[in-house]
Structure formats: structure tokens, C-alpha cells
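Q: Structure incoming, see below.
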Amino acid sequence: MTSPRYTSQAGSLNVEVFSTRLEMGQAAARDAVTHLRQRLKEQDRVRIIFAAAPSQNEFLEYLAQADDIDWARVDAFHMDEYVGLPVSSPALFSHYLTTHLFDKVRPGTVHIIPAAGDAAQNCAHYACLLQQAPVDMVCLGIGENGHLAFNDPPVADFNDPQPMKIVELDAICRQQQVNDGCFPALKDVPTHALTLTIPTLMAAARLFCMVPGKNKHQAVMQTLNAPQSVDCPATVLRTHSACTLYTDIAGFGELPDE
């Protein structure tokens, strides 16, 4: 069992730093599996929201390999989706999660955010599904601009009255999609998306946040050290009573004891 190289706390946020992103993904998946198994012992169904991004690759790989999980009792959601991409597009977040997780573990119910059709109606319908019962777990990441889901700094609201909304993506966020290899060029990245809002994510009982890689170093440092504000939306994670941020040395930087 891999142990973190370094642990710390920022507000209520627990931080675990691993030597590699592979070790990070294994450890985060192990913790998520432990929590999921316990939830399944205590209640009939478990509701989980998943992020879709390359930062989640290792985590989802090991999560999908876990045994003794009754996935038929899991209701799966995802946290954001582009507006206007064709249903056949491999860049859809629903496609990513279907390929990396849903097709492998077969959750009892998978709620997909539609990319096509009337965005406002899709938003309202998905928000209704989310509000039918409390969310037990969120498995998320942090964007290069500090976003959570697609709550970029210009549109993030820690007290957002909406459970889900249509947003315009900022330039840094759209460039990250190119950097991650999801689109060939900035012009190919959609300008708008549907996203769960920050209060919706923060209302979940347990958060697992995976943020590896040198491209995320600034975002990690701001999350842990910057004043809490929508200038770095992820700073709100410091207020959650049960959130762990998992990163690697590339994401965290030089360890204090080295």
C-alpha cells in the first residue's frame, strides 16, 4: 500500500502528496472504494458525481478494478458537459466517463448530461434529477484556472442560487482543453457548457479531489494558500468538512522537508 510522501491541511482540506500520479490515483481510488463500500453497507443506494478529465485517468482506472462493490446500487452523475458538440464526439465528457468507468462497472443508473437539444431545458431536467436525494460522493479535479467543474473565475459563485447553469468558458479553461489533448486547437473548443454549480458540489457528504501534474501546480498552490475567493474557485474546498486533495510532486512542487 502506497503512503503519501507528504501530508498537510489547509483549513478543513486534507492534502496528500504522492511521488507519482500513478501512486496518487491508486491511493485516491483506494480511499474512495473504502468510503463507497461503507456507504453501501449503510444505505440502499449511493449517489456519486464524477469529473471527466485526463487528471482522473489513474483514479478511474483503479476505481474500476475494485471488487466487492455492488455498482447496481450506485446512481452516477457527471458534473459538466459542453454545449453543442455532436453526440458522436469523443470530446464529450459523457463519452469519457462511459469509456473509462461506466462501461466497465455498469452503475445501476447513469444520468448523462445531454450536449444537444435545448440547453436550458437540459439544465433544468438534470438539476431536478440531482435534487431528488442528497449526493453522497463527488470525485473531482481542479482546472488550471482554479475552476471546479466549469465554474471558471468569471462565472463562479460560492452562493449560487442555481443547482446547475449554462456558462461561457474563459480563455484559460478552453486552452486547457487543448493542452490536455481533448481538442486539436482553441477554435475547436466549445465556448459554452452546462455545469453543476459550486454549492451543488459542496453539498455532497464526501469529496475526493485528484489534481496531478506540473500544469496544475499554480492551481494547487492557490487552492491551498490564496485568499478564499472566486478568483480561484477551488479555494472553497478549504471549507468542506470532508474533502481530500490528492496530488503528486509535480503538482505540489518541492516538499517542505526536502
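For the C-alpha cells, the naming scheme is as follows: chains receive sequential letters (A, B, ...) according to their order of presentation, residues are indexed from 1 within each chain, and ligands are indexed from 1 in presentation order.
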Write out as a PyMOL selection string which residues come within 6 Å of range 214-219 of chain A when counting only C-alpha atoms, dropping same-chain ones fewer than 5 positions away.
A: chain A and resi 144+146+250-252
Q: So which residues touch Ala72 in chain A within 10 Å, counting only C-alpha atoms, skipping near sequence neighbours fewer than 6 positions away, as JSON, numbers by chain?
A: {"A": [45, 46, 105, 106, 107, 108, 109]}
Q: Per DSSP on the backbone, filter range 28-151 of chain A down to the residues in helix (DSSP H, G or I) and report them as a PyMOL selection string.
A: chain A and resi 28-42+54-65+71-73+93-105+119-130
Q: Only C-alpha atoms, please: the residues just picked out, written as a JSON list (two decimals), in the first residue's frame.
A:
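And here is the file that came out, part.json:
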[["chain", "number", "residue", "atom", "x", "y", "z"],
["A", 28, "ALA", "CA", -7.32, 8.10, -4.10],
["A", 29, "ALA", "CA", -9.19, 5.14, -5.58],
["A", 30, "ARG", "CA", -8.44, 3.04, -2.53],
["A", 31, "ASP", "CA", -9.88, 5.70, -0.24],
["A", 32, "ALA", "CA", -12.92, 6.22, -2.47],
["A", 33, "VAL", "CA", -13.58, 2.49, -2.61],
["A", 34, "THR", "CA", -13.38, 2.21, 1.18],
["A", 35, "HIS", "CA", -15.86, 5.03, 1.56],
["A", 36, "LEU", "CA", -18.18, 3.65, -1.13],
["A", 37, "ARG", "CA", -18.24, 0.20, 0.45],
["A", 38, "GLN", "CA", -19.13, 1.72, 3.81],
["A", 39, "ARG", "CA", -21.91, 3.78, 2.27],
["A", 40, "LEU", "CA", -23.34, 0.71, 0.57],
["A", 41, "LYS", "CA", -23.45, -1.05, 3.94],
["A", 42, "GLU", "CA", -25.36, 1.83, 5.46],
["A", 54, "PRO", "CA", -7.26, 13.35, -18.02],
["A", 55, "SER", "CA", -6.40, 14.20, -14.40],
["A", 56, "GLN", "CA", -8.86, 11.45, -13.42],
["A", 57, "ASN", "CA", -7.34, 8.71, -15.60],
["A", 58, "GLU", "CA", -5.36, 6.85, -12.96],
["A", 59, "PHE", "CA", -8.05, 7.25, -10.31],
["A", 60, "LEU", "CA", -10.80, 5.87, -12.54],
["A", 61, "GLU", "CA", -8.61, 3.02, -13.77],
["A", 62, "TYR", "CA", -8.12, 1.71, -10.24],
["A", 63, "LEU", "CA", -11.65, 2.51, -9.14],
["A", 64, "ALA", "CA", -12.95, 0.33, -11.97],
["A", 65, "GLN", "CA", -10.79, -2.59, -10.82],
["A", 71, "TRP", "CA", -22.43, -0.97, -8.63],
["A", 72, "ALA", "CA", -26.05, -1.81, -9.39],
["A", 73, "ARG", "CA", -26.93, 0.26, -6.31],
["A", 93, "PHE", "CA", -17.44, 14.23, -21.07],
["A", 94, "SER", "CA", -20.17, 11.62, -21.13],
["A", 95, "HIS", "CA", -18.11, 9.69, -23.69],
["A", 96, "TYR", "CA", -15.02, 9.92, -21.49],
["A", 97, "LEU", "CA", -16.80, 8.60, -18.40],
["A", 98, "THR", "CA", -18.62, 5.90, -20.33],
["A", 99, "THR", "CA", -15.32, 4.65, -21.74],
["A", 100, "HIS", "CA", -13.21, 4.99, -18.57],
["A", 101, "LEU", "CA", -15.75, 3.86, -15.99],
["A", 102, "PHE", "CA", -19.43, 3.30, -16.76],
["A", 103, "ASP", "CA", -18.97, 0.58, -19.38],
["A", 104, "LYS", "CA", -16.59, -1.23, -17.03],
["A", 105, "VAL", "CA", -18.57, -1.18, -13.77],
["A", 119, "ALA", "CA", -29.55, 23.75, -23.13],
["A", 120, "ALA", "CA", -31.87, 25.47, -20.66],
["A", 121, "GLN", "CA", -34.29, 22.52, -20.65],
["A", 122, "ASN", "CA", -31.42, 20.05, -20.28],
["A", 123, "CYS", "CA", -30.12, 22.08, -17.38],
["A", 124, "ALA", "CA", -33.46, 22.19, -15.60],
["A", 125, "HIS", "CA", -34.10, 18.46, -16.08],
["A", 126, "TYR", "CA", -30.67, 17.44, -14.81],
["A", 127, "ALA", "CA", -30.95, 19.74, -11.81],
["A", 128, "CYS", "CA", -34.24, 18.07, -10.96],
["A", 129, "LEU", "CA", -32.60, 14.63, -11.05],
["A", 130, "LEU", "CA", -29.81, 15.81, -8.77]]
Q: Would you mind writing down, as a ChimeraX atom specification, each residue of range 24-219 of chain A that DSSP on the backbone assigns to strand (DSSP E)?
A: /A:46-50,74-78,80-82,109-110,137-140,164-168,192-196,206-210
Q: Would you compute the distance between CA of Ser241 in chain A and CA of Val135 in chain A? Give it in Å to one decimal.
A: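 These atoms are spaced 14.7 Å apart.
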Q: Name the residues in contact with Leu169 in chain A at a cut-off of 9 Å, using only C-alpha atoms, excluding same-chain residues fewer than 5 positions from it; report them as a ChimeraX atom specification.
A: /A:150-152,154-155,174,190-193
Q: Kindly indicate which residue among A:Thr2, A:Ser12, A:Gln43, A:Thr195 lies nearest to Tyr82 in chain A, using only C-alpha atoms for the distances.
A: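 Among the listed residues, the smallest separation from Tyr82 in chain A belongs to A:Thr195.
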Q: Please identify all polymer residues within 10 Å of Pro161 in chain A, counting only C-alpha atoms, omitting same-chain residues fewer than 6 positions from it, and present them as a list in words.
A: Thr197, Ile198, Pro199 and Thr200 of chain A
Q: Please, could you write that set of residues out with all heavy atoms as a compact mmCIF listing (two decimals), in the first residue's frame?
A:
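Written out: out_9.txt:
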# COMPACT_ATOMS: atom_id res chain seq x y z
N THR A 197 -23.21 23.81 -10.19
CA THR A 197 -22.66 24.97 -9.52
C THR A 197 -21.86 24.56 -8.28
O THR A 197 -21.93 23.41 -7.82
CB THR A 197 -23.77 25.95 -9.12
OG1 THR A 197 -24.69 25.27 -8.25
CG2 THR A 197 -24.50 26.47 -10.34
N ILE A 198 -21.13 25.50 -7.75
CA ILE A 198 -20.28 25.21 -6.59
C ILE A 198 -21.08 24.75 -5.38
O ILE A 198 -20.70 23.76 -4.72
CB ILE A 198 -19.37 26.41 -6.28
CG1 ILE A 198 -18.29 26.52 -7.37
CG2 ILE A 198 -18.73 26.28 -4.90
CD1 ILE A 198 -17.39 27.72 -7.27
N PRO A 199 -22.20 25.39 -5.01
CA PRO A 199 -22.96 24.87 -3.88
C PRO A 199 -23.45 23.43 -4.07
O PRO A 199 -23.52 22.67 -3.10
CB PRO A 199 -24.14 25.85 -3.78
CG PRO A 199 -23.61 27.12 -4.33
CD PRO A 199 -22.73 26.69 -5.47
N THR A 200 -23.78 23.06 -5.30
CA THR A 200 -24.20 21.68 -5.57
C THR A 200 -23.07 20.70 -5.27
O THR A 200 -23.28 19.66 -4.63
CB THR A 200 -24.65 21.53 -7.03
OG1 THR A 200 -25.77 22.39 -7.25
CG2 THR A 200 -25.05 20.10 -7.34
